[in-house]
$ cat entry_33.cif   # mmCIF, C-alpha atoms and all ligand atoms
data_coords
loop_
_atom_site.label_atom_id
_atom_site.label_comp_id
_atom_site.auth_asym_id
_atom_site.auth_seq_id
_atom_site.Cartn_x
_atom_site.Cartn_y
_atom_site.Cartn_z
CA MET U 1 31.24 74.36 135.94
CA LEU U 2 34.39 75.88 134.54
CA LEU U 3 37.39 73.60 134.59
CA VAL U 4 39.89 76.13 133.39
CA ASN U 5 42.68 77.88 135.19
CA SER U 6 41.49 81.19 136.61
CA HIS U 7 44.09 83.13 134.61
CA TYR U 8 42.51 81.79 131.48
CA VAL U 9 39.04 83.00 132.45
CA SER U 10 38.81 86.27 130.56
CA ASP U 11 36.03 88.84 130.41
CA TYR U 12 35.24 87.47 127.00
CA ILE U 13 34.06 84.11 128.19
CA ILE U 14 32.60 85.29 131.51
CA PRO U 15 29.90 87.70 130.37
CA TYR U 16 28.15 88.34 133.68
CA GLN U 17 28.41 90.84 136.48
CA ILE U 18 26.25 90.89 139.59
CA LEU U 19 25.13 94.34 140.74
CA CYS U 20 23.71 94.01 144.24
CA ASP U 21 21.81 96.69 146.15
CA PHE U 22 22.70 97.24 149.82
CA ASP U 23 19.92 98.83 151.90
CA GLY U 24 17.02 96.43 152.34
CA THR U 25 18.77 93.82 150.20
CA ILE U 26 22.10 93.00 151.91
CA SER U 27 21.36 95.02 155.05
CA LEU U 28 18.04 94.14 156.64
CA LYS U 29 17.45 97.80 157.57
CA ASP U 30 17.71 100.97 155.50
CA THR U 31 20.92 102.23 157.08
CA THR U 32 20.49 105.87 156.02
CA ASP U 33 17.04 106.12 157.61
CA TYR U 34 18.35 104.29 160.67
CA LEU U 35 21.16 106.80 161.13
CA LEU U 36 18.87 109.77 160.55
CA GLN U 37 16.41 108.48 163.14
CA ALA U 38 19.22 107.98 165.63
CA PHE U 39 21.31 111.13 165.09
CA ALA U 40 19.72 113.79 162.88
CA HIS U 41 17.80 116.87 163.93
CA PRO U 42 14.07 115.93 163.68
CA SER U 43 13.61 118.29 160.72
CA TRP U 44 15.07 115.51 158.53
CA GLU U 45 11.49 114.25 158.30
CA ASP U 46 10.31 117.61 156.87
CA ILE U 47 12.94 117.23 154.14
CA GLU U 48 11.74 113.69 153.53
CA ALA U 49 8.20 115.06 153.12
CA GLN U 50 9.42 117.65 150.58
CA TRP U 51 10.99 114.83 148.58
CA ALA U 52 7.82 112.71 148.83
CA ARG U 53 5.80 115.67 147.45
CA GLY U 54 8.22 115.94 144.54
CA GLU U 55 9.51 119.38 145.57
CA ILE U 56 13.16 118.27 145.74
CA ASN U 57 15.01 115.39 144.12
CA SER U 58 16.57 112.57 146.08
CA LYS U 59 20.11 113.98 145.80
CA VAL U 60 19.11 117.30 147.39
CA CYS U 61 17.04 115.41 149.94
CA MET U 62 19.88 113.14 151.03
CA GLN U 63 22.48 115.89 151.04
CA LYS U 64 20.32 118.10 153.28
CA GLN U 65 19.50 115.22 155.60
CA ILE U 66 23.12 114.16 156.02
CA GLY U 67 23.89 117.80 156.84
CA LEU U 68 21.54 117.41 159.83
CA LEU U 69 23.52 114.56 161.38
CA ASP U 70 25.06 115.29 164.77
CA VAL U 71 27.22 112.29 165.54
CA SER U 72 30.84 111.51 166.30
CA ARG U 73 32.71 108.80 164.40
CA ASP U 74 32.72 106.54 167.48
CA GLU U 75 28.97 106.93 168.01
CA LEU U 76 28.40 106.20 164.34
CA HIS U 77 30.47 103.03 164.55
CA HIS U 78 28.67 101.89 167.69
CA CYS U 79 25.32 102.32 165.95
CA LEU U 80 26.48 100.47 162.84
CA ASP U 81 27.70 97.58 164.99
CA HIS U 82 24.03 96.74 165.60
CA ILE U 83 23.03 96.54 161.95
CA GLU U 84 22.67 93.02 160.63
CA ILE U 85 22.88 91.70 157.12
CA ASP U 86 21.12 88.76 155.48
CA LEU U 87 23.80 86.19 156.29
CA GLY U 88 22.97 84.35 153.08
CA PHE U 89 24.87 87.11 151.29
CA ILE U 90 28.15 85.54 152.45
CA GLU U 91 27.46 82.38 150.45
CA LEU U 92 26.25 84.43 147.49
CA VAL U 93 29.66 86.12 147.42
CA GLN U 94 31.28 82.67 147.46
CA ILE U 95 29.10 81.46 144.59
CA ALA U 96 30.03 84.50 142.50
CA ALA U 97 33.73 84.01 143.29
CA ALA U 98 33.58 80.30 142.40
CA HIS U 99 32.21 81.29 138.99
CA HIS U 100 34.70 84.17 138.59
CA ILE U 101 31.80 86.59 138.31
CA PRO U 102 32.38 90.14 139.57
CA LEU U 103 29.96 91.08 142.34
CA ILE U 104 29.67 94.82 142.88
CA VAL U 105 27.68 96.46 145.67
CA VAL U 106 25.85 99.32 143.98
CA SER U 107 23.93 101.55 146.35
CA ASP U 108 22.20 104.90 146.61
CA GLY U 109 23.27 104.84 150.26
CA LEU U 110 26.50 105.78 152.06
CA ASP U 111 29.82 104.24 151.00
CA TYR U 112 31.48 104.61 154.41
CA VAL U 113 28.57 102.90 156.16
CA ILE U 114 28.47 100.00 153.69
CA ARG U 115 32.22 99.38 153.94
CA TYR U 116 32.12 99.50 157.74
CA ILE U 117 29.27 96.97 157.96
CA LEU U 118 30.71 94.60 155.33
CA LYS U 119 34.05 94.60 157.14
CA ARG U 120 32.42 92.90 160.15
CA TYR U 121 31.71 89.97 157.82
CA GLN U 122 35.12 90.06 156.08
CA LEU U 123 33.39 91.24 152.90
CA ASP U 124 35.01 94.67 152.59
CA HIS U 125 37.08 93.46 149.62
CA LEU U 126 33.97 93.81 147.44
CA PRO U 127 33.86 96.84 145.14
CA ILE U 128 31.35 99.40 146.44
CA ILE U 129 29.78 102.06 144.25
CA ALA U 130 27.73 104.45 146.39
CA ASN U 131 27.37 108.04 147.53
CA HIS U 132 30.43 109.39 149.30
CA LEU U 133 30.07 110.18 153.00
CA SER U 134 32.85 112.17 154.63
CA GLN U 135 33.35 113.66 158.05
CA VAL U 136 33.83 117.43 157.93
CA GLY U 137 33.83 118.26 161.66
CA GLU U 138 33.90 116.36 164.91
CA ARG U 139 30.15 115.69 164.69
CA THR U 140 29.32 116.84 161.17
CA TRP U 141 29.23 114.97 157.85
CA GLN U 142 28.66 115.68 154.19
CA LEU U 143 27.48 113.70 151.20
CA GLU U 144 28.78 113.83 147.63
CA PHE U 145 27.63 112.04 144.49
CA PRO U 146 30.58 110.80 142.42
CA ASN U 147 28.32 108.30 140.58
CA ALA U 148 25.39 110.55 139.63
CA SER U 149 24.25 110.99 136.05
CA SER U 150 22.21 113.83 134.61
CA ARG U 151 20.58 111.27 132.29
CA CYS U 152 19.32 109.10 135.15
CA VAL U 153 15.55 108.72 134.93
CA SER U 154 15.35 108.23 138.70
CA GLN U 155 17.70 111.17 139.38
CA SER U 156 19.34 108.96 142.01
CA GLY U 157 22.56 109.90 143.79
CA THR U 158 24.10 106.76 142.34
CA CYS U 159 22.82 106.02 138.84
CA LYS U 160 22.80 102.24 138.75
CA CYS U 161 21.98 102.01 135.04
CA ASN U 162 25.10 104.08 134.36
CA VAL U 163 27.19 101.57 136.30
CA ALA U 164 25.78 98.75 134.17
CA GLN U 165 26.52 100.64 130.95
CA GLN U 166 30.13 101.25 131.94
CA ASN U 167 30.68 97.53 131.53
CA GLN U 168 28.69 96.91 128.40
CA GLY U 169 30.46 93.69 127.48
CA LYS U 170 28.88 91.97 130.44
CA GLN U 171 25.32 90.93 131.13
CA SER U 172 24.11 92.54 134.33
CA ILE U 173 22.33 90.57 137.00
CA LEU U 174 20.52 92.95 139.35
CA ILE U 175 19.65 91.94 142.91
CA GLY U 176 17.57 94.60 144.62
CA ASP U 177 14.52 95.66 146.55
CA GLY U 178 13.36 99.18 145.82
CA ARG U 179 13.26 102.57 144.21
CA SER U 180 17.01 102.97 143.77
CA ASP U 181 16.97 99.82 141.60
CA PHE U 182 14.21 100.99 139.24
CA CYS U 183 16.50 102.69 136.70
CA LEU U 184 18.69 99.59 136.40
CA ALA U 185 15.83 97.08 136.35
CA ALA U 186 14.83 98.16 132.85
CA HIS U 187 18.37 97.65 131.52
CA ALA U 188 19.52 94.60 133.48
CA ASP U 189 19.58 91.23 131.76
CA TYR U 190 18.29 89.38 134.82
CA VAL U 191 16.55 90.73 137.90
CA PHE U 192 16.18 89.16 141.33
CA ALA U 193 13.58 91.30 143.10
CA LYS U 194 12.11 91.71 146.53
CA LYS U 195 9.69 94.20 148.08
CA SER U 196 8.70 97.21 145.92
CA LEU U 197 11.01 96.17 143.08
CA ILE U 198 8.66 93.21 142.49
CA GLU U 199 5.70 95.54 141.83
CA HIS U 200 7.87 97.75 139.63
CA CYS U 201 8.93 94.76 137.54
CA LYS U 202 5.35 93.53 137.20
CA THR U 203 4.05 96.96 136.18
CA HIS U 204 6.79 97.42 133.59
CA HIS U 205 6.77 93.81 132.35
CA ILE U 206 10.36 93.22 133.41
CA ARG U 207 11.32 89.57 133.67
CA HIS U 208 12.30 88.82 137.24
CA THR U 209 12.61 86.19 139.92
CA THR U 210 11.25 87.08 143.34
CA PHE U 211 13.08 86.35 146.57
CA ASN U 212 13.01 87.25 150.21
CA ARG U 213 16.32 85.84 151.47
CA PHE U 214 19.54 85.30 149.50
CA GLU U 215 19.42 81.54 150.03
CA GLU U 216 16.44 81.46 147.64
CA ILE U 217 18.68 82.85 144.91
CA TYR U 218 21.47 80.27 145.09
CA HIS U 219 19.76 77.72 142.88
CA PRO U 220 18.41 79.96 140.09
CA LEU U 221 21.61 82.02 140.06
CA THR U 222 23.86 78.96 139.83
CA LYS U 223 21.68 77.63 137.04
CA LEU U 224 22.02 80.95 135.22
CA LEU U 225 25.79 81.13 135.68
CA ASN U 226 26.22 77.56 134.47
CA SER U 227 24.04 78.08 131.42
CA ASP U 228 26.58 77.71 128.66
CA LEU U 229 28.13 81.06 129.59
CA GLY U 230 25.22 83.11 128.37
CA GLN U 231 24.95 81.69 124.87
CA ASP U 232 22.05 79.57 125.92
CA ASN U 233 19.50 81.64 127.79
CA PRO U 234 18.29 79.79 130.85
CA MET U 235 14.72 79.54 131.95
CA MET U 236 14.11 82.19 134.56
CA VAL U 237 11.04 81.76 136.72
CA THR U 238 8.81 84.81 136.76
CA ILE U 239 6.52 84.69 139.75
MG MG U 301 17.45 99.00 148.61
ZN ZN U 302 19.94 105.77 136.51
#
$ encode --input "entry_33.cif" --output "structure tokens"
Amino acid sequence: MLLVNSHYVSDYIIPYQILCDFDGTISLKDTTDYLLQAFAHPSWEDIEAQWARGEINSKVCMQKQIGLLDVSRDELHHCLDHIEIDLGFIELVQIAAAHHIPLIVVSDGLDYVIRYILKRYQLDHLPIIANHLSQVGERTWQLEFPNASSRCVSQSGTCKCNVAQQNQGKQSILIGDGRSDFCLAAHADYVFAKKSLIEHCKTHHIRHTTFNRFEEIYHPLTKLLNSDLGQDNPMMVTI
């Protein structure tokens, strides 16, 4: 545990950052799919099928699908009020803060949606890097990609590996569950994986710790953060 004044804790001696996925990791549901099911013209599923066949990339897919939304801001809020998060995330945020480790929500989902949901849990102070959703008419919305990268192997809307590289002095701890995390998994220093990210890590021989709920991460993460500030690599359990 650090016993120094927080002003003295510089980036130099705190080499970690936590990059945490949102949909399926913090949120129990995929919020984009949930909104499309609730409010988009049914042809959003045809676009999804085009993407699954490899005919369009995920950016084009998402942008077209968001263009099919027919929902007012109030209706959107009402829908989002029913989306729950893994409540263990609240303590994870506290653990990161106690160690003076930046925790950034990095998502290939919708920034407005993430901020709205996190606000219900008083967590909207967290930095959020995601695709930008904006309202362009009373019931119409558009999606932009301020964090895309042409070099991204996944061609995601938000290139998570690019986010990690922007802060190269820090070791990145990835917490995630799926496809949008694949590009970062190869570059992250530590990976906490659930669902399809586990298979991806196994296939690509990426060292990882599996989890289902955040509470399972507290112990290994605390051990990692206390491990002589990164000079002494901790044992990470690969399951
Ligand atoms: Mg996810
Ligand atoms: Zn990428």
$ residues_near_ligand --input "entry_33.cif" --ligand "ligand MG 301 (chain U)" --cutoff "9 Å" --atoms "all atoms listed in the file" --output "PyMOL selection string"
chain U and resi 21-27+30+107-109+176-181+197
$ residues_around --input "entry_33.cif" --residues "U:Ile90" --least-positions-apart "3" --cutoff "12 Å" --atoms "all atoms listed in the file" --output "VMD selection string"
chain U and resid 26 to 27 85 to 87 93 to 97 103 118 to 124 126 213 to 215 218
$ residues_near_ligand --input "entry_33.cif" --ligand "ligand ZN 302 (chain U)" --cutoff "6 Å" --atoms "only C-alpha atoms and all ligand atoms" --output "MDAnalysis selection string"
chainID U and resid 152:154 159:162 183
$ closest_residue --input "entry_33.cif" --among "U:Ile18, U:Ala185, U:Leu143, U:Leu76" --to "U:Gln171" --atoms "only C-alpha atoms"
U:Ile18
$ closest_residue --input "entry_33.cif" --among "U:His205, U:His200, U:Arg151, U:His132" --to "U:Met62" --atoms "all atoms listed in the file"
U:His132
$ closest_residue --input "entry_33.cif" --among "U:Phe211, U:Lys29, U:Tyr112, U:His204" --to "U:Gln142" --atoms "only C-alpha atoms"
U:Tyr112
$ atom_distance --input "entry_33.cif" --atom1 "atom CA of U:Ala193" --atom2 "atom CA of U:Ser172"
13.8 Å
$ residues_around --input "entry_33.cif" --residues "U:Ser58" --least-positions-apart "4" --cutoff "9 Å" --atoms "all atoms listed in the file" --output "list in words"
Glu48, Trp51, Met62, Gln63, Ser154, Gln155, Ser156 and Gly157 of chain U
$ decode --input "entry_33.cif" --residues "stretch 117-182 of chain U" --atoms "C-alpha atoms" --output "PDB file, in the first residue's frame"
ATOM      1  CA  ILE U 117     -26.207   4.727 -17.050  1.00  0.00           C
ATOM      2  CA  LEU U 118     -23.074   5.412 -14.970  1.00  0.00           C
ATOM      3  CA  LYS U 119     -24.648   8.595 -13.617  1.00  0.00           C
ATOM      4  CA  ARG U 120     -27.339   6.519 -11.871  1.00  0.00           C
ATOM      5  CA  TYR U 121     -24.511   4.982  -9.833  1.00  0.00           C
ATOM      6  CA  GLN U 122     -22.636   8.276  -9.288  1.00  0.00           C
ATOM      7  CA  LEU U 123     -19.867   6.991 -11.564  1.00  0.00           C
ATOM      8  CA  ASP U 124     -20.157   9.550 -14.362  1.00  0.00           C
ATOM      9  CA  HIS U 125     -16.889  11.185 -13.251  1.00  0.00           C
ATOM     10  CA  LEU U 126     -15.011   8.326 -14.944  1.00  0.00           C
ATOM     11  CA  PRO U 127     -13.384   9.129 -18.285  1.00  0.00           C
ATOM     12  CA  ILE U 128     -15.315   7.486 -21.128  1.00  0.00           C
ATOM     13  CA  ILE U 129     -13.802   6.782 -24.536  1.00  0.00           C
ATOM     14  CA  ALA U 130     -16.500   5.525 -26.904  1.00  0.00           C
ATOM     15  CA  ASN U 131     -18.356   6.241 -30.128  1.00  0.00           C
ATOM     16  CA  HIS U 132     -20.186   9.554 -30.121  1.00  0.00           C
ATOM     17  CA  LEU U 133     -23.979   9.428 -30.192  1.00  0.00           C
ATOM     18  CA  SER U 134     -25.811  12.666 -30.892  1.00  0.00           C
ATOM     19  CA  GLN U 135     -29.431  13.570 -31.417  1.00  0.00           C
ATOM     20  CA  VAL U 136     -30.044  15.145 -34.828  1.00  0.00           C
ATOM     21  CA  GLY U 137     -33.859  15.374 -34.819  1.00  0.00           C
ATOM     22  CA  GLU U 138     -36.654  14.865 -32.339  1.00  0.00           C
ATOM     23  CA  ARG U 139     -36.516  11.086 -32.855  1.00  0.00           C
ATOM     24  CA  THR U 140     -33.355  10.654 -34.898  1.00  0.00           C
ATOM     25  CA  TRP U 141     -29.745  10.029 -33.881  1.00  0.00           C
ATOM     26  CA  GLN U 142     -26.342   9.707 -35.477  1.00  0.00           C
ATOM     27  CA  LEU U 143     -23.089   8.005 -34.602  1.00  0.00           C
ATOM     28  CA  GLU U 144     -19.548   9.296 -35.098  1.00  0.00           C
ATOM     29  CA  PHE U 145     -16.183   7.685 -34.417  1.00  0.00           C
ATOM     30  CA  PRO U 146     -13.734  10.139 -32.841  1.00  0.00           C
ATOM     31  CA  ASN U 147     -11.562   7.250 -31.557  1.00  0.00           C
ATOM     32  CA  ALA U 148     -11.265   5.125 -34.702  1.00  0.00           C
ATOM     33  CA  SER U 149      -7.911   4.181 -36.195  1.00  0.00           C
ATOM     34  CA  SER U 150      -7.198   3.077 -39.751  1.00  0.00           C
ATOM     35  CA  ARG U 151      -4.509   0.777 -38.314  1.00  0.00           C
ATOM     36  CA  CYS U 152      -6.945  -1.087 -36.052  1.00  0.00           C
ATOM     37  CA  VAL U 153      -6.869  -4.794 -36.848  1.00  0.00           C
ATOM     38  CA  SER U 154     -10.464  -5.150 -35.655  1.00  0.00           C
ATOM     39  CA  GLN U 155     -11.593  -2.036 -37.565  1.00  0.00           C
ATOM     40  CA  SER U 156     -13.618  -1.138 -34.475  1.00  0.00           C
ATOM     41  CA  GLY U 157     -15.357   2.207 -34.044  1.00  0.00           C
ATOM     42  CA  THR U 158     -13.222   2.753 -30.967  1.00  0.00           C
ATOM     43  CA  CYS U 159      -9.721   1.327 -31.393  1.00  0.00           C
ATOM     44  CA  LYS U 160      -8.875   0.195 -27.885  1.00  0.00           C
ATOM     45  CA  CYS U 161      -5.247  -0.642 -28.684  1.00  0.00           C
ATOM     46  CA  ASN U 162      -4.820   2.950 -29.857  1.00  0.00           C
ATOM     47  CA  VAL U 163      -6.080   4.192 -26.497  1.00  0.00           C
ATOM     48  CA  ALA U 164      -3.519   2.020 -24.726  1.00  0.00           C
ATOM     49  CA  GLN U 165      -0.708   3.303 -26.953  1.00  0.00           C
ATOM     50  CA  GLN U 166      -1.588   6.931 -26.263  1.00  0.00           C
ATOM     51  CA  ASN U 167      -0.399   6.356 -22.716  1.00  0.00           C
ATOM     52  CA  GLN U 168       2.664   4.281 -23.369  1.00  0.00           C
ATOM     53  CA  GLY U 169       4.322   5.022 -20.049  1.00  0.00           C
ATOM     54  CA  LYS U 170       1.680   2.989 -18.279  1.00  0.00           C
ATOM     55  CA  GLN U 171       1.013  -0.720 -18.202  1.00  0.00           C
ATOM     56  CA  SER U 172      -2.509  -1.416 -19.380  1.00  0.00           C
ATOM     57  CA  ILE U 173      -4.834  -3.710 -17.494  1.00  0.00           C
ATOM     58  CA  LEU U 174      -7.719  -4.743 -19.751  1.00  0.00           C
ATOM     59  CA  ILE U 175     -11.040  -5.889 -18.311  1.00  0.00           C
ATOM     60  CA  GLY U 176     -13.367  -7.094 -21.041  1.00  0.00           C
ATOM     61  CA  ASP U 177     -15.649  -9.700 -22.503  1.00  0.00           C
ATOM     62  CA  GLY U 178     -15.718  -9.758 -26.281  1.00  0.00           C
ATOM     63  CA  ARG U 179     -14.836  -8.847 -29.817  1.00  0.00           C
ATOM     64  CA  SER U 180     -14.270  -5.143 -29.193  1.00  0.00           C
ATOM     65  CA  ASP U 181     -11.509  -6.106 -26.724  1.00  0.00           C
ATOM     66  CA  PHE U 182      -9.600  -8.383 -29.111  1.00  0.00           C
TER      67      PHE U 182
END
